[in-house]
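Chemist: Take a look at this one; I'll ask things after.
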Amino acid sequence: MTTDEYLSQYRLIEAEIKQREKLINRMRREIFGGPTDNITAAIDGAIRGGSGHYWDAHSLEQYKEELGKQEKKVKAYRKFQMDVIKQIDSMESGIDRVILYSKYIDCLTWEDVAKVTGYSFSYARGYLKDVALNHFFIKYNKQFYKIE
């Protein structure tokens with residue numbers, strides 16, 4: 001895995017977290033009628049969820065298990081994000097940190113990265129990018145992992 005591939009996962013993870021959090025909130029409302037783990041649905045022979053759907057005990061348990069899986073995935077994604085932030089933060093060179101934060105955490109275009117750094121587009125996207133990615137690779141390549 002290249003440094004660019006490793007760091008580029010951050011942007012996708014951010015979007016995935018937002019989507020999964022929407023799903024988790026919708027699932028919680030469906031089962032629990034709110035953001036707690038206490039079932040608040042009406043019980044009258046079957047369990048009726050917040051949107052009027054009826055659940056049997058088995059279906060409700062499966063749905064709750066899936067909710068737990070989604071929450072674990074979000075937790076793993078957030079751990080990845082924190083790992084990347086800590087790694088970038090520990091880079092010795094300030095310009096490396098600015099390049100990596102700007103591009104991979106803030107998702108700026110190379111034109112905007114050049115403006116932030118005060119360098120030309122070609123210098124920022126060429127030399128500065130290559131140096132920052134190389135320094136990051138040397139320091140952290142053994143810790144790279146692909147987020148699933």
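Starting from 1 in every chain, residues are counted up; chains themselves are A, B, ... following the order of the structure tokens, and ligands are numbered from 1 as listed.
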With a distance cut-off of 9 Å and only C-alpha atoms, select the neighbouring residues of region 100-116 of chain A, excluding the residue or stretch itself and same-chain residues fewer than 3 positions from it, and output the selection as a short mmCIF file (atom, residue, chain, number, x, y, z; two decimals) with all heavy atoms, in the first residue's frame.
Modeler:
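The file below, selection.cif, is the result:
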```
data_model
loop_
_atom_site.label_atom_id
_atom_site.label_comp_id
_atom_site.auth_asym_id
_atom_site.auth_seq_id
_atom_site.Cartn_x
_atom_site.Cartn_y
_atom_site.Cartn_z
N ASP A 4 -0.02 7.44 -0.29
CA ASP A 4 -1.21 8.13 -0.81
C ASP A 4 -2.46 7.28 -0.63
O ASP A 4 -3.51 7.78 -0.21
CB ASP A 4 -1.00 8.48 -2.28
CG ASP A 4 -2.16 9.29 -2.84
OD1 ASP A 4 -2.41 10.40 -2.34
OD2 ASP A 4 -2.81 8.78 -3.78
N LEU A 7 -3.36 7.24 3.21
CA LEU A 7 -3.92 8.49 3.69
C LEU A 7 -5.24 8.84 3.00
O LEU A 7 -6.11 9.47 3.61
CB LEU A 7 -2.91 9.62 3.51
CG LEU A 7 -1.65 9.52 4.38
CD1 LEU A 7 -0.65 10.60 3.98
CD2 LEU A 7 -2.00 9.62 5.85
N SER A 8 -5.40 8.44 1.75
CA SER A 8 -6.63 8.75 1.02
C SER A 8 -7.84 8.04 1.61
O SER A 8 -8.98 8.46 1.37
CB SER A 8 -6.49 8.39 -0.46
OG SER A 8 -5.57 9.26 -1.08
N GLN A 9 -7.61 7.00 2.38
CA GLN A 9 -8.72 6.31 3.04
C GLN A 9 -9.45 7.24 4.00
O GLN A 9 -10.64 7.08 4.23
CB GLN A 9 -8.22 5.09 3.83
CG GLN A 9 -7.65 3.99 3.00
CD GLN A 9 -7.16 2.86 3.88
OE1 GLN A 9 -7.79 1.81 3.93
NE2 GLN A 9 -6.06 3.05 4.58
N TYR A 10 -8.74 8.22 4.55
CA TYR A 10 -9.32 9.13 5.54
C TYR A 10 -10.56 9.82 4.97
O TYR A 10 -11.60 9.89 5.62
CB TYR A 10 -8.29 10.17 5.97
CG TYR A 10 -8.73 11.00 7.14
CD1 TYR A 10 -8.33 10.66 8.42
CD2 TYR A 10 -9.55 12.12 6.98
CE1 TYR A 10 -8.74 11.41 9.52
CE2 TYR A 10 -9.95 12.87 8.07
CZ TYR A 10 -9.55 12.51 9.33
OH TYR A 10 -9.97 13.24 10.41
N ARG A 11 -10.44 10.33 3.76
CA ARG A 11 -11.56 11.06 3.12
C ARG A 11 -12.77 10.14 2.95
O ARG A 11 -13.89 10.53 3.21
CB ARG A 11 -11.09 11.59 1.77
CG ARG A 11 -12.12 12.35 1.00
CD ARG A 11 -11.52 12.93 -0.26
NE ARG A 11 -10.07 12.98 -0.15
CZ ARG A 11 -9.23 12.83 -1.15
NH1 ARG A 11 -9.66 12.66 -2.35
NH2 ARG A 11 -7.93 12.87 -0.96
N GLN A 81 -9.08 7.13 11.90
CA GLN A 81 -8.91 8.58 11.78
C GLN A 81 -7.95 9.12 12.85
O GLN A 81 -7.08 9.93 12.55
CB GLN A 81 -10.26 9.29 11.90
CG GLN A 81 -11.13 9.14 10.69
CD GLN A 81 -12.42 9.91 10.82
OE1 GLN A 81 -13.09 9.83 11.85
NE2 GLN A 81 -12.76 10.65 9.79
N VAL A 84 -4.32 8.20 12.02
CA VAL A 84 -3.76 9.04 10.96
C VAL A 84 -3.43 10.43 11.51
O VAL A 84 -2.34 10.97 11.24
CB VAL A 84 -4.70 9.12 9.75
CG1 VAL A 84 -4.26 10.20 8.77
CG2 VAL A 84 -4.79 7.77 9.05
N ILE A 85 -4.32 11.02 12.28
CA ILE A 85 -4.07 12.34 12.84
C ILE A 85 -2.84 12.33 13.74
O ILE A 85 -1.97 13.21 13.66
CB ILE A 85 -5.31 12.87 13.58
CG1 ILE A 85 -6.40 13.21 12.57
CG2 ILE A 85 -4.97 14.07 14.45
CD1 ILE A 85 -7.75 13.49 13.17
N ILE A 88 0.34 12.01 11.49
CA ILE A 88 0.69 13.28 10.84
C ILE A 88 1.21 14.27 11.87
O ILE A 88 2.21 14.96 11.64
CB ILE A 88 -0.51 13.86 10.07
CG1 ILE A 88 -0.87 12.96 8.88
CG2 ILE A 88 -0.21 15.29 9.60
CD1 ILE A 88 -2.14 13.37 8.14
N ASP A 89 0.56 14.32 13.01
CA ASP A 89 0.94 15.25 14.06
C ASP A 89 2.37 15.02 14.56
O ASP A 89 3.03 15.96 15.00
CB ASP A 89 -0.04 15.14 15.23
CG ASP A 89 -0.25 16.45 15.94
OD1 ASP A 89 -0.19 17.50 15.27
OD2 ASP A 89 -0.49 16.41 17.16
N ILE A 95 6.27 21.70 7.39
CA ILE A 95 5.71 21.75 6.04
C ILE A 95 5.10 20.40 5.67
O ILE A 95 4.06 20.34 5.01
CB ILE A 95 6.74 22.25 4.98
CG1 ILE A 95 6.04 22.57 3.65
CG2 ILE A 95 7.84 21.24 4.77
CD1 ILE A 95 5.11 23.74 3.70
N ASP A 96 5.71 19.30 6.13
CA ASP A 96 5.12 17.98 5.89
C ASP A 96 3.74 17.90 6.55
O ASP A 96 2.78 17.42 5.94
CB ASP A 96 6.00 16.86 6.47
CG ASP A 96 7.28 16.61 5.67
OD1 ASP A 96 7.43 17.18 4.57
OD2 ASP A 96 8.12 15.83 6.16
N ARG A 97 3.65 18.37 7.79
CA ARG A 97 2.37 18.34 8.51
C ARG A 97 1.32 19.17 7.78
O ARG A 97 0.19 18.73 7.59
CB ARG A 97 2.53 18.83 9.95
CG ARG A 97 3.25 17.84 10.85
CD ARG A 97 3.16 18.24 12.32
NE ARG A 97 3.69 19.56 12.58
CZ ARG A 97 4.96 19.84 12.86
NH1 ARG A 97 5.84 18.87 12.91
NH2 ARG A 97 5.33 21.09 13.10
N TYR A 119 3.41 28.40 -1.70
CA TYR A 119 4.25 27.93 -2.80
C TYR A 119 3.42 27.82 -4.07
O TYR A 119 2.20 27.84 -4.04
CB TYR A 119 4.88 26.56 -2.47
CG TYR A 119 5.88 26.61 -1.35
CD1 TYR A 119 5.53 26.18 -0.07
CD2 TYR A 119 7.16 27.09 -1.56
CE1 TYR A 119 6.45 26.23 0.97
CE2 TYR A 119 8.10 27.14 -0.53
CZ TYR A 119 7.72 26.70 0.73
OH TYR A 119 8.63 26.75 1.76
N SER A 120 4.12 27.65 -5.19
CA SER A 120 3.42 27.49 -6.46
C SER A 120 2.72 26.13 -6.49
O SER A 120 3.10 25.20 -5.77
CB SER A 120 4.40 27.57 -7.63
OG SER A 120 5.23 26.43 -7.66
N PHE A 121 1.72 26.03 -7.35
CA PHE A 121 0.97 24.78 -7.51
C PHE A 121 1.91 23.64 -7.87
O PHE A 121 1.87 22.56 -7.25
CB PHE A 121 -0.10 24.96 -8.59
CG PHE A 121 -0.72 23.68 -9.05
CD1 PHE A 121 -1.71 23.07 -8.29
CD2 PHE A 121 -0.30 23.06 -10.22
CE1 PHE A 121 -2.28 21.87 -8.70
CE2 PHE A 121 -0.87 21.86 -10.63
CZ PHE A 121 -1.86 21.27 -9.88
N SER A 122 2.77 23.84 -8.85
CA SER A 122 3.63 22.75 -9.32
C SER A 122 4.63 22.34 -8.23
O SER A 122 4.92 21.14 -8.09
CB SER A 122 4.35 23.13 -10.61
OG SER A 122 5.13 24.28 -10.41
N TYR A 123 5.14 23.28 -7.44
CA TYR A 123 6.08 22.94 -6.38
C TYR A 123 5.36 22.20 -5.25
O TYR A 123 5.87 21.21 -4.73
CB TYR A 123 6.73 24.22 -5.85
CG TYR A 123 7.87 23.98 -4.89
CD1 TYR A 123 9.07 23.44 -5.34
CD2 TYR A 123 7.74 24.30 -3.54
CE1 TYR A 123 10.12 23.23 -4.46
CE2 TYR A 123 8.79 24.09 -2.65
CZ TYR A 123 9.98 23.56 -3.12
OH TYR A 123 11.02 23.34 -2.25
N ALA A 124 4.17 22.68 -4.88
CA ALA A 124 3.41 22.02 -3.81
C ALA A 124 3.00 20.61 -4.22
O ALA A 124 3.18 19.66 -3.47
CB ALA A 124 2.19 22.85 -3.43
N ARG A 125 2.44 20.48 -5.43
CA ARG A 125 1.94 19.18 -5.88
C ARG A 125 3.07 18.24 -6.27
O ARG A 125 2.92 17.02 -6.23
CB ARG A 125 1.00 19.34 -7.06
CG ARG A 125 0.43 17.98 -7.48
CD ARG A 125 -0.90 18.10 -8.13
NE ARG A 125 -1.53 16.81 -8.23
CZ ARG A 125 -1.71 16.16 -9.36
NH1 ARG A 125 -1.31 16.69 -10.50
NH2 ARG A 125 -2.30 15.00 -9.36
N LYS A 129 4.82 17.54 -2.04
CA LYS A 129 4.00 16.34 -1.87
C LYS A 129 4.88 15.10 -1.79
O LYS A 129 4.74 14.28 -0.88
CB LYS A 129 3.02 16.21 -3.02
CG LYS A 129 2.28 14.89 -3.05
CD LYS A 129 1.53 14.70 -4.35
CE LYS A 129 1.01 13.29 -4.47
NZ LYS A 129 0.54 13.00 -5.81
N ALA A 132 6.87 15.00 1.53
CA ALA A 132 6.01 14.70 2.68
C ALA A 132 5.57 13.24 2.68
O ALA A 132 5.61 12.57 3.72
CB ALA A 132 4.80 15.63 2.68
N LEU A 133 5.14 12.74 1.52
CA LEU A 133 4.72 11.34 1.44
C LEU A 133 5.88 10.40 1.71
O LEU A 133 5.71 9.37 2.38
CB LEU A 133 4.08 11.04 0.08
CG LEU A 133 2.73 11.72 -0.18
CD1 LEU A 133 2.25 11.39 -1.59
CD2 LEU A 133 1.69 11.32 0.85
#
```
Chemist: In terms of the shortest atom-to-atom distance over only C-alpha atoms, which of A:Gln87, A:Gln62, A:Gln70, A:Gln19 is closest to Phe144 (chain A)?
Modeler: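 With only C-alpha atoms as the atom set, the closest residue is A:Gln87.
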Chemist: What gap, in Å, lies between CA of Ile31 (chain A) and CA of Lys73 (chain A)?
Modeler: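 Separation between CA of Ile31 (chain A) and CA of Lys73 (chain A): 19.4 Å.
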Chemist: Looking only at helix (DSSP H, G or I) from DSSP on the backbone, list the matching residues of region 101-139 of chain A as a PyMOL selection string.
Modeler: chain A and resi 101-105+110-117+121-139
Chemist: Measuring atom to atom with only C-alpha atoms, identify which of A:Arg20, A:Met82, A:Ser90, A:Arg26 is nearest to Lys69 (chain A).
Modeler: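 Ranking A:Arg20, A:Met82, A:Ser90, A:Arg26 by distance to Lys69 (chain A), first place goes to A:Arg20.
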Chemist: Determine the nearest neighbour of Glu148 (chain A) from the options A:Lys72, A:Arg29, A:Lys64, A:Lys22, counting only C-alpha atoms.
Modeler: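 Closest to Glu148 (chain A) of all the choices is A:Lys72.
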